[in-house]
>>> print(open('my_file_5.txt').read())   # compact mmCIF, C-alpha atoms
# COMPACT_ATOMS: atom_id res chain seq x y z
CA MET A 1 126.35 137.56 85.64
CA ALA A 2 126.26 137.39 89.44
CA ILE A 3 124.72 140.14 91.53
CA SER A 4 127.27 142.62 92.83
CA ILE A 5 126.47 145.07 95.63
CA ARG A 6 128.59 148.16 96.22
CA THR A 7 130.80 147.99 99.29
CA SER A 8 129.18 150.91 101.11
CA LEU A 9 125.80 149.15 100.97
CA ARG A 10 127.35 145.88 102.15
CA ASN A 11 128.90 147.77 105.09
CA THR A 12 125.55 149.39 105.93
CA ARG A 13 123.83 146.00 105.94
CA LEU A 14 126.48 144.61 108.30
CA ASP A 15 126.37 147.65 110.59
CA THR A 16 122.64 147.02 110.98
CA ILE A 17 123.55 143.80 112.83
CA THR A 18 125.50 145.78 115.44
CA THR A 19 122.59 148.22 115.77
CA ASP A 20 120.07 145.38 116.11
CA ILE A 21 122.08 143.66 118.84
CA GLY A 22 122.13 146.82 120.92
CA THR A 23 124.34 147.11 123.99
CA SER A 24 125.97 143.99 125.43
CA GLY A 25 124.45 141.10 123.52
CA SER A 26 125.40 137.48 124.09
CA LEU A 27 126.63 134.52 122.10
CA ARG A 28 125.16 131.12 123.00
CA PHE A 29 126.44 127.72 121.89
CA TYR A 30 124.17 124.69 121.56
CA ASP A 31 124.38 121.04 120.62
CA GLY A 32 122.12 119.09 118.27
CA THR A 33 120.44 119.99 115.03
CA PRO A 34 120.12 123.74 114.50
CA PRO A 35 116.61 125.14 114.07
CA ALA A 36 115.61 125.87 110.48
CA SER A 37 116.21 129.60 110.98
CA ALA A 38 117.01 132.22 113.60
CA ASN A 39 113.23 132.73 113.90
CA ALA A 40 112.53 129.11 114.81
CA ALA A 41 112.36 127.82 118.38
CA LEU A 42 114.97 125.52 119.85
CA SER A 43 113.99 121.86 119.89
CA GLY A 44 115.67 119.73 122.52
CA ASN A 45 119.00 121.55 122.16
CA THR A 46 121.25 121.85 125.20
CA LEU A 47 122.71 125.26 126.01
CA LEU A 48 126.42 124.56 126.42
CA ALA A 49 127.76 128.05 127.12
CA THR A 50 126.84 131.74 127.07
CA LEU A 51 129.50 134.32 126.30
CA ALA A 52 129.11 138.08 126.75
CA CYS A 53 129.78 140.34 123.80
CA SER A 54 131.38 143.75 124.19
CA ALA A 55 129.07 146.66 124.96
CA THR A 56 129.33 147.54 121.27
CA PHE A 57 129.28 144.33 119.24
CA ALA A 58 131.61 145.56 116.49
CA ALA A 59 133.30 148.59 115.04
CA ALA A 60 131.93 149.90 111.75
CA ALA A 61 132.12 147.39 108.92
CA SER A 62 134.84 147.91 106.35
CA GLY A 63 135.24 146.32 102.94
CA GLY A 64 132.05 144.33 103.45
CA VAL A 65 133.43 142.70 106.61
CA LEU A 66 132.21 143.07 110.21
CA THR A 67 134.66 142.01 112.92
CA ALA A 68 133.27 141.52 116.41
CA ASN A 69 134.92 143.27 119.31
CA ALA A 70 136.23 141.10 122.16
CA ILE A 71 133.90 138.36 123.35
CA SER A 72 134.43 137.32 126.96
CA SER A 73 135.37 133.72 127.73
CA ALA A 74 132.97 131.84 129.98
CA THR A 75 132.61 128.63 131.90
CA ALA A 76 130.60 125.96 130.10
CA ALA A 77 127.23 125.17 131.68
CA ALA A 78 126.92 121.67 130.18
CA THR A 79 128.84 118.99 128.31
CA GLY A 80 128.19 118.35 124.63
CA THR A 81 129.32 118.94 121.08
CA ALA A 82 128.71 122.50 119.90
CA SER A 83 127.01 122.49 116.51
CA PHE A 84 125.53 126.00 116.26
CA PHE A 85 125.45 129.37 117.91
CA ARG A 86 122.90 132.11 118.36
CA LEU A 87 123.71 135.78 118.76
CA LEU A 88 121.13 137.46 120.98
CA ARG A 89 120.08 140.93 122.05
CA PRO A 90 120.67 141.82 125.72
CA ASP A 91 117.11 140.69 126.57
CA GLY A 92 118.37 137.12 126.08
CA THR A 93 115.32 136.12 124.06
CA THR A 94 115.60 137.94 120.73
CA VAL A 95 117.83 136.08 118.28
CA VAL A 96 119.69 138.36 115.86
CA LEU A 97 121.37 135.59 113.91
CA GLN A 98 122.42 131.96 114.16
CA GLY A 99 125.08 129.94 112.42
CA THR A 100 127.10 126.75 112.44
CA VAL A 101 130.05 125.98 114.69
CA ASN A 102 133.02 123.73 113.97
CA THR A 103 136.81 123.81 114.14
CA SER A 104 137.09 125.01 110.53
CA GLY A 105 134.88 125.94 107.61
CA ALA A 106 131.89 126.94 109.76
CA ASP A 107 130.19 130.28 110.31
CA LEU A 108 132.07 130.50 113.63
CA ASN A 109 135.13 128.34 114.33
CA LEU A 110 136.23 127.26 117.80
CA ASN A 111 139.48 125.52 118.72
CA SER A 112 137.31 122.57 119.82
CA VAL A 113 133.59 121.83 119.58
CA ALA A 114 133.86 119.34 122.44
CA ILE A 115 132.53 121.42 125.34
CA THR A 116 132.94 120.14 128.89
CA SER A 117 130.88 121.43 131.81
CA GLY A 118 133.08 123.67 133.95
CA GLY A 119 135.60 124.13 131.14
CA THR A 120 136.41 127.45 129.51
CA VAL A 121 134.81 128.37 126.19
CA SER A 122 136.35 131.20 124.20
CA VAL A 123 136.12 132.75 120.76
CA SER A 124 139.34 134.15 119.36
CA SER A 125 137.59 136.03 116.56
CA PHE A 126 134.19 136.33 114.94
CA VAL A 127 134.01 137.82 111.45
CA LEU A 128 130.95 138.24 109.22
CA THR A 129 131.34 138.89 105.51
CA GLU A 130 128.49 140.34 103.48
CA ALA A 131 127.86 138.39 100.31
CA ASN A 132 127.72 139.54 96.70
CA ALA A 133 130.96 141.52 96.54
>>> encode(input="my_file_5.txt", output="structure tokens")
Amino acid sequence: MAISIRTSLRNTRLDTITTDIGTSGSLRFYDGTPPASANAALSGNTLLATLACSATFAAAASGGVLTANAISSATAAATGTASFFRLLRPDGTTVVLQGTVNTSGADLNLNSVAITSGGTVSVSSFVLTEANA
């Protein structure tokens, strides 16, 4: 039998992400091989774009799902192929979480992972689902 966690606990765990981010975090996109974890340092990765999150990252989780509030579009700082993102606290140094990026089937999907310096990068939606429903 698989582990099953009640929905209210799953929501609480997700809401902790919003609390940990604090006010006005940021979402950064990078190229190259992602670090082994959100705790690991970057290693030769190019920062392609930084997008500002809403003052409050997300409304309260519901049904084990956390949906980010609007994330501002931004101009790309460099050219490359986005392969992962990091969600950071407002201090710009504390990583809350990281995940993969692609056009489908990734932790965060973009309309294109081909980022061009000076081009616009935008996220239409960002949804996190707590496991073990």
>>> residues_near_point(input="my_file_5.txt", point="(123.6, 145.9, 123.1)", cutoff="7 Å", atoms="only C-alpha atoms", output="list in words")
Ile21, Gly22, Thr23, Ser24, Gly25, Ala55, Thr56, Arg89 and Pro90 of chain A
>>> closest_atom_pairs(input="my_file_5.txt", of="range 55-91 of chain A", to="range 115-121 of chain A", cutoff="8 Å", atoms="only C-alpha atoms", output="JSON lines")
{"residue": "A:Ser73", "atom": "CA", "partner": "A:Val121", "partner_atom": "CA", "distance": 5.6}
{"residue": "A:Ala74", "atom": "CA", "partner": "A:Val121", "partner_atom": "CA", "distance": 5.5}
{"residue": "A:Thr75", "atom": "CA", "partner": "A:Thr120", "partner_atom": "CA", "distance": 4.6}
{"residue": "A:Ala76", "atom": "CA", "partner": "A:Ser117", "partner_atom": "CA", "distance": 4.9}
{"residue": "A:Ala77", "atom": "CA", "partner": "A:Ser117", "partner_atom": "CA", "distance": 5.2}
{"residue": "A:Ala78", "atom": "CA", "partner": "A:Ser117", "partner_atom": "CA", "distance": 4.3}
{"residue": "A:Thr79", "atom": "CA", "partner": "A:Thr116", "partner_atom": "CA", "distance": 4.3}
{"residue": "A:Gly80", "atom": "CA", "partner": "A:Ile115", "partner_atom": "CA", "distance": 5.4}
{"residue": "A:Thr81", "atom": "CA", "partner": "A:Ile115", "partner_atom": "CA", "distance": 5.9}
{"residue": "A:Ala82", "atom": "CA", "partner": "A:Ile115", "partner_atom": "CA", "distance": 6.7}
>>> closest_residue(input="my_file_5.txt", among="A:Phe85, A:Asn111, A:Ile71, A:Glu130", to="Thr46 in chain A", atoms="only C-alpha atoms")
A:Phe85
>>> atom_distance(input="my_file_5.txt", atom1="CA of Thr7 in chain A", atom2="CA of Ala58 in chain A")
17.4 Å
>>> atom_distance(input="my_file_5.txt", atom1="CA of Ser125 in chain A", atom2="CA of Phe57 in chain A")
12.0 Å
>>> residues_around(input="my_file_5.txt", residues="Asn11 in chain A", least_positions_apart="5", cutoff="10 Å", atoms="all atoms listed in the file", output="list of chain:residue names")
A:Arg6, A:Thr16, A:Ala60, A:Ala61, A:Ser62, A:Gly63, A:Gly64, A:Val65, A:Leu66, A:Thr129, A:Glu130
>>> residues_near_point(input="my_file_5.txt", point="(128.0, 123.8, 113.6)", cutoff="12 Å", atoms="only C-alpha atoms", output="PDB file with C-alpha atoms, in the frame of the given file")
ATOM      1  CA  PHE A  29     126.440 127.720 121.890  1.00  0.00           C
ATOM      2  CA  TYR A  30     124.170 124.690 121.560  1.00  0.00           C
ATOM      3  CA  ASP A  31     124.380 121.040 120.620  1.00  0.00           C
ATOM      4  CA  GLY A  32     122.120 119.090 118.270  1.00  0.00           C
ATOM      5  CA  THR A  33     120.440 119.990 115.030  1.00  0.00           C
ATOM      6  CA  PRO A  34     120.120 123.740 114.500  1.00  0.00           C
ATOM      7  CA  PRO A  35     116.610 125.140 114.070  1.00  0.00           C
ATOM      8  CA  THR A  81     129.320 118.940 121.080  1.00  0.00           C
ATOM      9  CA  ALA A  82     128.710 122.500 119.900  1.00  0.00           C
ATOM     10  CA  SER A  83     127.010 122.490 116.510  1.00  0.00           C
ATOM     11  CA  PHE A  84     125.530 126.000 116.260  1.00  0.00           C
ATOM     12  CA  PHE A  85     125.450 129.370 117.910  1.00  0.00           C
ATOM     13  CA  ARG A  86     122.900 132.110 118.360  1.00  0.00           C
ATOM     14  CA  GLN A  98     122.420 131.960 114.160  1.00  0.00           C
ATOM     15  CA  GLY A  99     125.080 129.940 112.420  1.00  0.00           C
ATOM     16  CA  THR A 100     127.100 126.750 112.440  1.00  0.00           C
ATOM     17  CA  VAL A 101     130.050 125.980 114.690  1.00  0.00           C
ATOM     18  CA  ASN A 102     133.020 123.730 113.970  1.00  0.00           C
ATOM     19  CA  THR A 103     136.810 123.810 114.140  1.00  0.00           C
ATOM     20  CA  SER A 104     137.090 125.010 110.530  1.00  0.00           C
ATOM     21  CA  GLY A 105     134.880 125.940 107.610  1.00  0.00           C
ATOM     22  CA  ALA A 106     131.890 126.940 109.760  1.00  0.00           C
ATOM     23  CA  ASP A 107     130.190 130.280 110.310  1.00  0.00           C
ATOM     24  CA  LEU A 108     132.070 130.500 113.630  1.00  0.00           C
ATOM     25  CA  ASN A 109     135.130 128.340 114.330  1.00  0.00           C
ATOM     26  CA  LEU A 110     136.230 127.260 117.800  1.00  0.00           C
ATOM     27  CA  SER A 112     137.310 122.570 119.820  1.00  0.00           C
ATOM     28  CA  VAL A 113     133.590 121.830 119.580  1.00  0.00           C
ATOM     29  CA  ALA A 114     133.860 119.340 122.440  1.00  0.00           C
TER      30      ALA A 114
END
>>> build_atoms(input="my_file_5.txt", residues="range 45-58 of chain A", atoms="N, CA and C atoms", output="short mmCIF file (atom, residue, chain, number, x, y, z; two decimals), keeping the file's coordinate frame")
data_model
loop_
_atom_site.label_atom_id
_atom_site.label_comp_id
_atom_site.auth_asym_id
_atom_site.auth_seq_id
_atom_site.Cartn_x
_atom_site.Cartn_y
_atom_site.Cartn_z
N ASN A 45 117.59 121.20 122.18
CA ASN A 45 119.00 121.55 122.16
C ASN A 45 119.47 121.92 123.56
N THR A 46 120.68 121.52 123.90
CA THR A 46 121.25 121.85 125.20
C THR A 46 122.11 123.10 125.07
N LEU A 47 121.87 124.06 125.94
CA LEU A 47 122.71 125.26 126.01
C LEU A 47 124.02 124.86 126.67
N LEU A 48 125.11 124.97 125.91
CA LEU A 48 126.42 124.56 126.42
C LEU A 48 127.16 125.71 127.10
N ALA A 49 127.05 126.90 126.55
CA ALA A 49 127.76 128.05 127.12
C ALA A 49 127.16 129.35 126.61
N THR A 50 127.26 130.39 127.43
CA THR A 50 126.84 131.74 127.07
C THR A 50 128.02 132.66 127.28
N LEU A 51 128.39 133.39 126.23
CA LEU A 51 129.50 134.32 126.30
C LEU A 51 128.98 135.73 126.10
N ALA A 52 129.52 136.68 126.85
CA ALA A 52 129.11 138.08 126.75
C ALA A 52 129.88 138.78 125.64
N CYS A 53 129.16 139.51 124.83
CA CYS A 53 129.78 140.34 123.80
C CYS A 53 130.15 141.68 124.41
N SER A 54 131.03 142.40 123.74
CA SER A 54 131.38 143.75 124.19
C SER A 54 130.15 144.63 124.17
N ALA A 55 130.20 145.73 124.91
CA ALA A 55 129.07 146.66 124.96
C ALA A 55 128.64 147.07 123.56
N THR A 56 129.60 147.31 122.69
CA THR A 56 129.33 147.54 121.27
C THR A 56 129.83 146.30 120.55
N PHE A 57 128.93 145.61 119.86
CA PHE A 57 129.28 144.33 119.24
C PHE A 57 130.48 144.43 118.31
N ALA A 58 130.52 145.44 117.46
CA ALA A 58 131.61 145.56 116.49
C ALA A 58 131.82 147.01 116.10
#
